[in-house]
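Here is model.pdb, consisting of PDB, C-alpha atoms:
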```pdb
MODEL        1
ATOM      1  CA  MET G   1     -97.469  44.311 -58.168  1.00  0.00           C
ATOM      2  CA  LEU G   2     -97.471  47.347 -60.416  1.00  0.00           C
ATOM      3  CA  PHE G   3     -98.816  47.443 -63.944  1.00  0.00           C
ATOM      4  CA  PHE G   4     -98.239  50.067 -66.605  1.00  0.00           C
ATOM      5  CA  SER G   5    -100.906  51.160 -69.033  1.00  0.00           C
ATOM      6  CA  CYS G   6    -100.075  52.055 -72.611  1.00  0.00           C
ATOM      7  CA  SER G   7    -100.150  55.735 -71.567  1.00  0.00           C
ATOM      8  CA  GLY G   8     -97.385  55.114 -69.019  1.00  0.00           C
ATOM      9  CA  GLN G   9     -99.615  55.578 -65.968  1.00  0.00           C
ATOM     10  CA  THR G  10     -98.874  53.528 -62.851  1.00  0.00           C
ATOM     11  CA  GLU G  11    -101.846  51.318 -61.990  1.00  0.00           C
ATOM     12  CA  SER G  12    -102.668  49.394 -58.849  1.00  0.00           C
ATOM     13  CA  ASN G  13    -105.899  48.653 -56.990  1.00  0.00           C
ATOM     14  CA  GLY G  14    -107.857  49.793 -60.044  1.00  0.00           C
ATOM     15  CA  TYR G  15    -106.685  53.437 -60.170  1.00  0.00           C
ATOM     16  CA  PRO G  16    -104.133  54.638 -62.750  1.00  0.00           C
ATOM     17  CA  LEU G  17    -102.080  57.597 -61.608  1.00  0.00           C
ATOM     18  CA  THR G  18    -102.014  60.560 -63.946  1.00  0.00           C
ATOM     19  CA  LYS G  19     -98.699  61.760 -65.340  1.00  0.00           C
ATOM     20  CA  GLN G  20     -98.759  64.677 -62.894  1.00  0.00           C
ATOM     21  CA  GLU G  21     -99.388  62.352 -59.942  1.00  0.00           C
ATOM     22  CA  GLU G  22     -96.605  60.049 -61.129  1.00  0.00           C
ATOM     23  CA  ALA G  23     -94.247  63.011 -61.347  1.00  0.00           C
ATOM     24  CA  ILE G  24     -95.106  64.005 -57.756  1.00  0.00           C
ATOM     25  CA  THR G  25     -94.622  60.515 -56.338  1.00  0.00           C
ATOM     26  CA  ASP G  26     -91.374  60.038 -58.262  1.00  0.00           C
ATOM     27  CA  SER G  27     -89.855  63.407 -57.334  1.00  0.00           C
ATOM     28  CA  LEU G  28     -90.723  63.104 -53.627  1.00  0.00           C
ATOM     29  CA  HIS G  29     -90.133  59.338 -53.352  1.00  0.00           C
ATOM     30  CA  LEU G  30     -93.712  58.708 -52.249  1.00  0.00           C
ATOM     31  CA  ASP G  31     -95.543  55.405 -52.500  1.00  0.00           C
ATOM     32  CA  PRO G  32     -98.153  55.476 -55.328  1.00  0.00           C
ATOM     33  CA  PRO G  33    -100.717  53.579 -53.179  1.00  0.00           C
ATOM     34  CA  VAL G  34    -101.007  56.703 -51.011  1.00  0.00           C
ATOM     35  CA  ILE G  35    -102.642  58.623 -53.863  1.00  0.00           C
ATOM     36  CA  GLN G  36    -104.498  55.525 -55.032  1.00  0.00           C
ATOM     37  CA  GLU G  37    -106.049  55.131 -51.585  1.00  0.00           C
ATOM     38  CA  LEU G  38    -107.037  58.821 -51.561  1.00  0.00           C
ATOM     39  CA  ARG G  39    -108.749  58.399 -54.923  1.00  0.00           C
ATOM     40  CA  LYS G  40    -111.269  56.002 -53.389  1.00  0.00           C
ATOM     41  CA  TYR G  41    -112.818  58.993 -51.633  1.00  0.00           C
ATOM     42  CA  SER G  42    -111.627  62.191 -53.298  1.00  0.00           C
ATOM     43  CA  GLN G  43    -110.777  63.453 -56.783  1.00  0.00           C
ATOM     44  CA  ALA G  44    -109.265  66.711 -55.516  1.00  0.00           C
ATOM     45  CA  PRO G  45    -106.146  67.776 -57.457  1.00  0.00           C
ATOM     46  CA  VAL G  46    -102.967  67.166 -55.453  1.00  0.00           C
ATOM     47  CA  ALA G  47     -99.723  69.126 -55.310  1.00  0.00           C
ATOM     48  CA  PRO G  48     -96.409  68.599 -53.520  1.00  0.00           C
ATOM     49  CA  PHE G  49     -96.811  69.542 -49.868  1.00  0.00           C
ATOM     50  CA  HIS G  50     -96.121  73.226 -49.215  1.00  0.00           C
ATOM     51  CA  TYR G  51     -97.176  75.607 -46.458  1.00  0.00           C
ATOM     52  CA  SER G  52     -96.309  79.189 -45.615  1.00  0.00           C
ATOM     53  CA  ARG G  53     -97.428  81.080 -42.554  1.00  0.00           C
ATOM     54  CA  SER G  54     -96.941  84.409 -44.344  1.00  0.00           C
ATOM     55  CA  LYS G  55     -99.007  84.280 -47.513  1.00  0.00           C
ATOM     56  CA  MET G  56     -99.233  87.436 -49.608  1.00  0.00           C
ATOM     57  CA  TYR G  57    -102.191  88.157 -51.887  1.00  0.00           C
ATOM     58  CA  ALA G  58    -101.908  90.508 -54.870  1.00  0.00           C
ATOM     59  CA  ASN G  59    -103.499  90.656 -58.324  1.00  0.00           C
ATOM     60  CA  ASN G  60    -105.404  87.409 -57.716  1.00  0.00           C
ATOM     61  CA  LYS G  61    -102.130  85.601 -57.060  1.00  0.00           C
ATOM     62  CA  VAL G  62    -100.830  84.027 -53.870  1.00  0.00           C
ATOM     63  CA  THR G  63     -97.143  84.204 -52.965  1.00  0.00           C
ATOM     64  CA  GLU G  64     -95.690  82.005 -50.225  1.00  0.00           C
ATOM     65  CA  PRO G  65     -92.436  83.414 -48.806  1.00  0.00           C
ATOM     66  CA  ASP G  66     -90.091  80.705 -47.519  1.00  0.00           C
ATOM     67  CA  PRO G  67     -92.609  77.856 -47.751  1.00  0.00           C
ATOM     68  CA  ILE G  68     -92.256  74.696 -45.687  1.00  0.00           C
ATOM     69  CA  ARG G  69     -91.923  71.725 -48.032  1.00  0.00           C
ATOM     70  CA  LEU G  70     -92.359  68.210 -46.698  1.00  0.00           C
ATOM     71  CA  PRO G  71     -92.293  64.841 -48.483  1.00  0.00           C
ATOM     72  CA  GLY G  72     -95.990  64.497 -49.173  1.00  0.00           C
ATOM     73  CA  ILE G  73     -98.996  65.961 -50.952  1.00  0.00           C
ATOM     74  CA  ILE G  74    -101.573  68.648 -50.221  1.00  0.00           C
ATOM     75  CA  PHE G  75    -105.071  69.232 -51.591  1.00  0.00           C
ATOM     76  CA  ASN G  76    -108.273  71.137 -50.808  1.00  0.00           C
ATOM     77  CA  GLU G  77    -111.532  69.773 -49.417  1.00  0.00           C
ATOM     78  CA  THR G  78    -114.586  71.127 -47.635  1.00  0.00           C
ATOM     79  CA  GLU G  79    -114.316  71.003 -43.851  1.00  0.00           C
ATOM     80  CA  ASP G  80    -116.782  68.116 -43.538  1.00  0.00           C
ATOM     81  CA  ASN G  81    -115.049  66.133 -46.274  1.00  0.00           C
ATOM     82  CA  ALA G  82    -111.655  66.873 -44.728  1.00  0.00           C
ATOM     83  CA  TYR G  83    -112.637  65.306 -41.408  1.00  0.00           C
ATOM     84  CA  GLU G  84    -114.318  62.362 -43.156  1.00  0.00           C
ATOM     85  CA  LEU G  85    -111.222  61.663 -45.234  1.00  0.00           C
ATOM     86  CA  ILE G  86    -108.931  61.900 -42.221  1.00  0.00           C
ATOM     87  CA  TYR G  87    -110.988  59.437 -40.204  1.00  0.00           C
ATOM     88  CA  LYS G  88    -111.252  56.993 -43.124  1.00  0.00           C
ATOM     89  CA  LEU G  89    -107.620  57.116 -44.226  1.00  0.00           C
ATOM     90  CA  LYS G  90    -105.514  57.809 -41.128  1.00  0.00           C
ATOM     91  CA  ASP G  91    -105.035  54.235 -39.904  1.00  0.00           C
ATOM     92  CA  GLY G  92    -104.220  52.767 -43.308  1.00  0.00           C
ATOM     93  CA  LEU G  93    -101.832  55.602 -44.103  1.00  0.00           C
ATOM     94  CA  LYS G  94    -100.111  55.247 -40.748  1.00  0.00           C
ATOM     95  CA  SER G  95     -99.457  51.569 -41.468  1.00  0.00           C
ATOM     96  CA  LYS G  96     -97.665  52.709 -44.643  1.00  0.00           C
ATOM     97  CA  GLY G  97     -95.594  55.337 -42.795  1.00  0.00           C
ATOM     98  CA  TYR G  98     -97.731  58.424 -43.517  1.00  0.00           C
ATOM     99  CA  SER G  99     -99.924  60.903 -41.620  1.00  0.00           C
ATOM    100  CA  ILE G 100    -102.944  62.850 -42.852  1.00  0.00           C
ATOM    101  CA  PHE G 101    -104.009  66.142 -41.247  1.00  0.00           C
ATOM    102  CA  LYS G 102    -105.859  69.404 -41.824  1.00  0.00           C
ATOM    103  CA  VAL G 103    -103.572  72.330 -42.543  1.00  0.00           C
ATOM    104  CA  GLU G 104    -105.447  75.613 -42.964  1.00  0.00           C
ATOM    105  CA  LEU G 105    -108.515  77.434 -44.214  1.00  0.00           C
ATOM    106  CA  THR G 106    -108.178  78.144 -47.923  1.00  0.00           C
ATOM    107  CA  GLY G 107    -110.120  79.744 -50.761  1.00  0.00           C
ATOM    108  CA  GLU G 108    -112.786  82.391 -50.427  1.00  0.00           C
ATOM    109  CA  ALA G 109    -114.112  83.312 -47.004  1.00  0.00           C
ATOM    110  CA  GLY G 110    -117.322  81.514 -46.097  1.00  0.00           C
ATOM    111  CA  LYS G 111    -116.793  78.489 -48.331  1.00  0.00           C
ATOM    112  CA  GLY G 112    -115.292  76.402 -45.547  1.00  0.00           C
ATOM    113  CA  GLU G 113    -112.541  74.846 -47.634  1.00  0.00           C
ATOM    114  CA  HIS G 114    -109.448  73.486 -45.917  1.00  0.00           C
ATOM    115  CA  SER G 115    -106.167  72.184 -47.223  1.00  0.00           C
ATOM    116  CA  VAL G 116    -105.314  68.648 -46.180  1.00  0.00           C
ATOM    117  CA  GLY G 117    -101.812  67.222 -46.109  1.00  0.00           C
ATOM    118  CA  ILE G 118    -100.516  63.676 -46.352  1.00  0.00           C
ATOM    119  CA  VAL G 119     -96.847  63.489 -45.378  1.00  0.00           C
ATOM    120  CA  LYS G 120     -94.298  60.714 -45.070  1.00  0.00           C
ATOM    121  CA  GLU G 121     -93.975  60.904 -41.289  1.00  0.00           C
ATOM    122  CA  THR G 122     -95.839  59.235 -38.410  1.00  0.00           C
ATOM    123  CA  ASP G 123     -94.288  61.032 -35.426  1.00  0.00           C
ATOM    124  CA  PRO G 124     -96.752  63.825 -34.492  1.00  0.00           C
ATOM    125  CA  TYR G 125     -94.090  65.773 -32.637  1.00  0.00           C
ATOM    126  CA  ARG G 126     -91.805  65.792 -35.664  1.00  0.00           C
ATOM    127  CA  ILE G 127     -94.703  67.075 -37.780  1.00  0.00           C
ATOM    128  CA  LEU G 128     -95.450  69.877 -35.302  1.00  0.00           C
ATOM    129  CA  LYS G 129     -91.735  70.684 -35.203  1.00  0.00           C
ATOM    130  CA  GLN G 130     -91.446  70.770 -38.983  1.00  0.00           C
ATOM    131  CA  MET G 131     -94.568  72.910 -39.291  1.00  0.00           C
ATOM    132  CA  GLY G 132     -93.226  75.322 -36.657  1.00  0.00           C
ATOM    133  CA  THR G 133     -96.529  75.295 -34.764  1.00  0.00           C
ATOM    134  CA  ASP G 134     -96.639  77.776 -31.888  1.00  0.00           C
ATOM    135  CA  GLY G 135     -98.778  80.250 -29.974  1.00  0.00           C
ATOM    136  CA  ILE G 136     -96.241  83.002 -30.070  1.00  0.00           C
ATOM    137  CA  ASN G 137     -98.871  85.697 -29.391  1.00  0.00           C
ATOM    138  CA  TYR G 138     -99.168  84.098 -25.953  1.00  0.00           C
ATOM    139  CA  ASP G 139     -95.420  83.464 -25.553  1.00  0.00           C
ATOM    140  CA  ILE G 140     -95.810  79.782 -26.407  1.00  0.00           C
ATOM    141  CA  THR G 141     -92.835  78.715 -28.500  1.00  0.00           C
ATOM    142  CA  ASN G 142     -92.741  75.572 -30.590  1.00  0.00           C
ATOM    143  CA  ASP G 143     -90.634  73.809 -27.952  1.00  0.00           C
ATOM    144  CA  SER G 144     -92.939  74.795 -25.094  1.00  0.00           C
ATOM    145  CA  LEU G 145     -95.982  73.739 -27.129  1.00  0.00           C
ATOM    146  CA  LEU G 146     -94.481  70.303 -27.704  1.00  0.00           C
ATOM    147  CA  THR G 147     -93.948  69.971 -23.947  1.00  0.00           C
ATOM    148  CA  ILE G 148     -97.605  70.907 -23.348  1.00  0.00           C
ATOM    149  CA  ILE G 149     -98.862  68.452 -25.975  1.00  0.00           C
ATOM    150  CA  LYS G 150     -96.738  65.618 -24.598  1.00  0.00           C
ATOM    151  CA  ASP G 151     -98.197  66.197 -21.127  1.00  0.00           C
ATOM    152  CA  LEU G 152    -101.770  66.199 -22.470  1.00  0.00           C
ATOM    153  CA  ASP G 153    -101.007  63.160 -24.622  1.00  0.00           C
ATOM    154  CA  LYS G 154    -100.078  61.123 -21.549  1.00  0.00           C
ATOM    155  CA  LYS G 155    -103.443  61.897 -19.974  1.00  0.00           C
ATOM    156  CA  TYR G 156    -105.767  61.824 -22.999  1.00  0.00           C
ATOM    157  CA  GLN G 157    -104.016  59.707 -25.682  1.00  0.00           C
ATOM    158  CA  LEU G 158    -104.052  62.339 -28.408  1.00  0.00           C
ATOM    159  CA  GLU G 159    -103.822  61.656 -32.148  1.00  0.00           C
ATOM    160  CA  LEU G 160    -102.723  64.500 -34.411  1.00  0.00           C
ATOM    161  CA  ILE G 161    -105.192  65.435 -37.171  1.00  0.00           C
ATOM    162  CA  GLY G 162    -104.392  69.128 -37.703  1.00  0.00           C
ATOM    163  CA  ALA G 163    -101.226  71.207 -37.884  1.00  0.00           C
ATOM    164  CA  SER G 164    -100.162  74.586 -39.249  1.00  0.00           C
ATOM    165  CA  GLY G 165     -98.198  77.568 -37.982  1.00  0.00           C
ATOM    166  CA  ASP G 166    -100.765  78.681 -35.395  1.00  0.00           C
ATOM    167  CA  TYR G 167    -103.111  75.703 -35.120  1.00  0.00           C
ATOM    168  CA  CYS G 168    -103.091  72.059 -34.088  1.00  0.00           C
ATOM    169  CA  GLU G 169    -105.866  69.534 -33.497  1.00  0.00           C
ATOM    170  CA  PHE G 170    -106.099  66.059 -32.008  1.00  0.00           C
ATOM    171  CA  ILE G 171    -108.526  63.186 -31.552  1.00  0.00           C
ATOM    172  CA  ILE G 172    -109.048  62.434 -27.849  1.00  0.00           C
ATOM    173  CA  HIS G 173    -108.786  58.650 -27.400  1.00  0.00           C
ATOM    174  CA  GLN G 174    -108.868  58.682 -23.572  1.00  0.00           C
ATOM    175  CA  PRO G 175    -111.836  60.839 -22.483  1.00  0.00           C
ATOM    176  CA  PRO G 176    -111.322  62.818 -19.268  1.00  0.00           C
ATOM    177  CA  ALA G 177    -113.349  62.166 -16.152  1.00  0.00           C
ATOM    178  CA  ASP G 178    -114.202  65.878 -16.119  1.00  0.00           C
ATOM    179  CA  TRP G 179    -114.672  67.664 -19.463  1.00  0.00           C
ATOM    180  CA  ASN G 180    -114.852  71.026 -17.689  1.00  0.00           C
ATOM    181  CA  LEU G 181    -111.364  70.466 -16.321  1.00  0.00           C
ATOM    182  CA  LEU G 182    -110.068  69.709 -19.809  1.00  0.00           C
ATOM    183  CA  ALA G 183    -111.763  72.879 -21.096  1.00  0.00           C
ATOM    184  CA  LYS G 184    -109.895  74.868 -18.452  1.00  0.00           C
ATOM    185  CA  GLU G 185    -106.613  73.244 -19.498  1.00  0.00           C
ATOM    186  CA  VAL G 186    -107.285  74.179 -23.136  1.00  0.00           C
ATOM    187  CA  TYR G 187    -108.263  77.740 -22.186  1.00  0.00           C
ATOM    188  CA  THR G 188    -105.064  78.186 -20.169  1.00  0.00           C
ATOM    189  CA  VAL G 189    -102.995  77.353 -23.247  1.00  0.00           C
ATOM    190  CA  CYS G 190    -105.306  78.896 -25.829  1.00  0.00           C
ATOM    191  CA  PRO G 191    -107.718  81.630 -24.651  1.00  0.00           C
ATOM    192  CA  ASP G 192    -108.847  82.087 -28.276  1.00  0.00           C
ATOM    193  CA  ALA G 193    -110.581  78.697 -28.069  1.00  0.00           C
ATOM    194  CA  VAL G 194    -113.153  80.437 -25.860  1.00  0.00           C
ATOM    195  CA  GLU G 195    -112.832  84.130 -26.642  1.00  0.00           C
ATOM    196  CA  GLN G 196    -112.956  83.681 -30.422  1.00  0.00           C
ATOM    197  CA  GLY G 197    -114.511  80.241 -30.492  1.00  0.00           C
ATOM    198  CA  ALA G 198    -116.866  78.489 -28.088  1.00  0.00           C
ATOM    199  CA  GLY G 199    -117.737  81.640 -26.129  1.00  0.00           C
ATOM    200  CA  SER G 200    -117.523  80.116 -22.652  1.00  0.00           C
ATOM    201  CA  LEU G 201    -115.757  77.341 -20.775  1.00  0.00           C
ATOM    202  CA  GLU G 202    -119.042  75.458 -20.477  1.00  0.00           C
ATOM    203  CA  GLU G 203    -119.597  75.542 -24.240  1.00  0.00           C
ATOM    204  CA  LEU G 204    -116.006  74.538 -24.883  1.00  0.00           C
ATOM    205  CA  ALA G 205    -116.441  71.542 -22.555  1.00  0.00           C
ATOM    206  CA  LYS G 206    -119.564  70.521 -24.509  1.00  0.00           C
ATOM    207  CA  GLU G 207    -117.722  70.914 -27.811  1.00  0.00           C
ATOM    208  CA  LEU G 208    -114.811  68.791 -26.614  1.00  0.00           C
ATOM    209  CA  ARG G 209    -117.168  66.092 -25.331  1.00  0.00           C
ATOM    210  CA  ASN G 210    -119.317  66.023 -28.481  1.00  0.00           C
ATOM    211  CA  THR G 211    -116.508  66.031 -31.049  1.00  0.00           C
ATOM    212  CA  ARG G 212    -113.878  64.125 -29.039  1.00  0.00           C
ATOM    213  CA  ARG G 213    -111.408  66.546 -30.626  1.00  0.00           C
ATOM    214  CA  LEU G 214    -109.043  68.951 -28.869  1.00  0.00           C
ATOM    215  CA  TYR G 215    -107.687  71.953 -30.741  1.00  0.00           C
ATOM    216  CA  PHE G 216    -105.464  74.956 -30.166  1.00  0.00           C
ATOM    217  CA  TRP G 217    -105.667  78.006 -32.388  1.00  0.00           C
ATOM    218  CA  TRP G 218    -103.990  81.338 -31.775  1.00  0.00           C
ATOM    219  CA  ASP G 219    -105.102  84.406 -33.731  1.00  0.00           C
TER     220      ASP G 219
ENDMDL
END
```
Whole structure given in structure tokens:
Amino acid sequence: MLFFSCSGQTESNGYPLTKQEEAITDSLHLDPPVIQELRKYSQAPVAPFHYSRSKMYANNKVTEPDPIRLPGIIFNETEDNAYELIYKLKDGLKSKGYSIFKVELTGEAGKGEHSVGIVKETDPYRILKQMGTDGINYDITNDSLLTIIKDLDKKYQLELIGASGDYCEFIIHQPPADWNLLAKEVYTVCPDAVEQGAGSLEELAKELRNTRRLYFWWD
């Protein structure tokens, strides 16, 4: 049941939405409990979901040519907080028809802030399609990437927790018998995971085993 305060703010589960949050949920046809659940763990300002692979910076302003807009919200968090929020909220949001995932590094270099999206979609392949994720520098189109992910998903039961134009990340729910073999599979698709990341296949295998997260990122 919804209650309305004298200021006109929607209230449920103890958190009254602000007028701005109400405007976002109304305009995008989102369920207010999505923001109310987020507010249990984060007070980060939210905006309608938008993402552009080709940001332009000038005069302390950011311009996003042809942004991708999805029915959902986006906000900034530190990297550690982003992962914590995703793990705490993902199951409850999924039951409501939503997904939460990291989008991209934001803010000043070195501060480790990431944008996090919550969108009204639970199909990970539709999200990757809508985000246009690819590794085009290595001739990996969006369609071919989806084929690769579907194959890995069958073997390792992947759960999407990160998506942007040149990046995607997943929780590994079915650990491999051989982490070194998985590292080789990741390297074949994404050499940058080693060459600009872990530094070696052995270190990548350790990283995959320790985090239980698989990621692709193409520079």
Since I can't run it myself right now, could you work out what the PyMOL selection byres ((chain G and resi 39) around 12) selects here and report it as a ChimeraX atom specification?
/G:12-18,21,32-38,40-46,75,85,89
Contacts of Glu104 of chain G at 12 Å (only C-alpha atoms; same-chain gap of 6+ positions) as a ChimeraX atom specification:
/G:50-53,55,74-79,82,112-117,131,161-169,217
From G:Asp26, G:Asp219, G:Glu121, G:Glu185, residue lying nearest Gly197 of chain G [only C-alpha atoms]:
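Checking each of G:Asp26, G:Asp219, G:Glu121, G:Glu185 against Gly197 of chain G, counting only C-alpha atoms, the winner is G:Asp219.
Closest approach to Asp91 of chain G among G:Leu182, G:Leu160, G:Ala177, G:Val189 is made by G:Leu160 (distances from only C-alpha atoms).
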Expansion of the PyMOL selection byres ((chain G and resi 171) around 12) into residues, as a PyMOL selection string:
chain G and resi 83+86-87+90+101+152-153+156-162+168-170+172-175+208-215
Out of G:Val119, G:Ile136, G:Cys190, G:Ile73, which residue has the shortest atom-to-atom distance to Lys94 of chain G when counting all atoms listed in the file?
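Smallest distance to Lys94 of chain G is found for G:Val119.
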Considering all atoms listed in the file, state which residue in the set G:Asp192, G:Asp134, G:Ala183, G:Thr122 is at the smallest distance from Gly92 of chain G.
G:Thr122
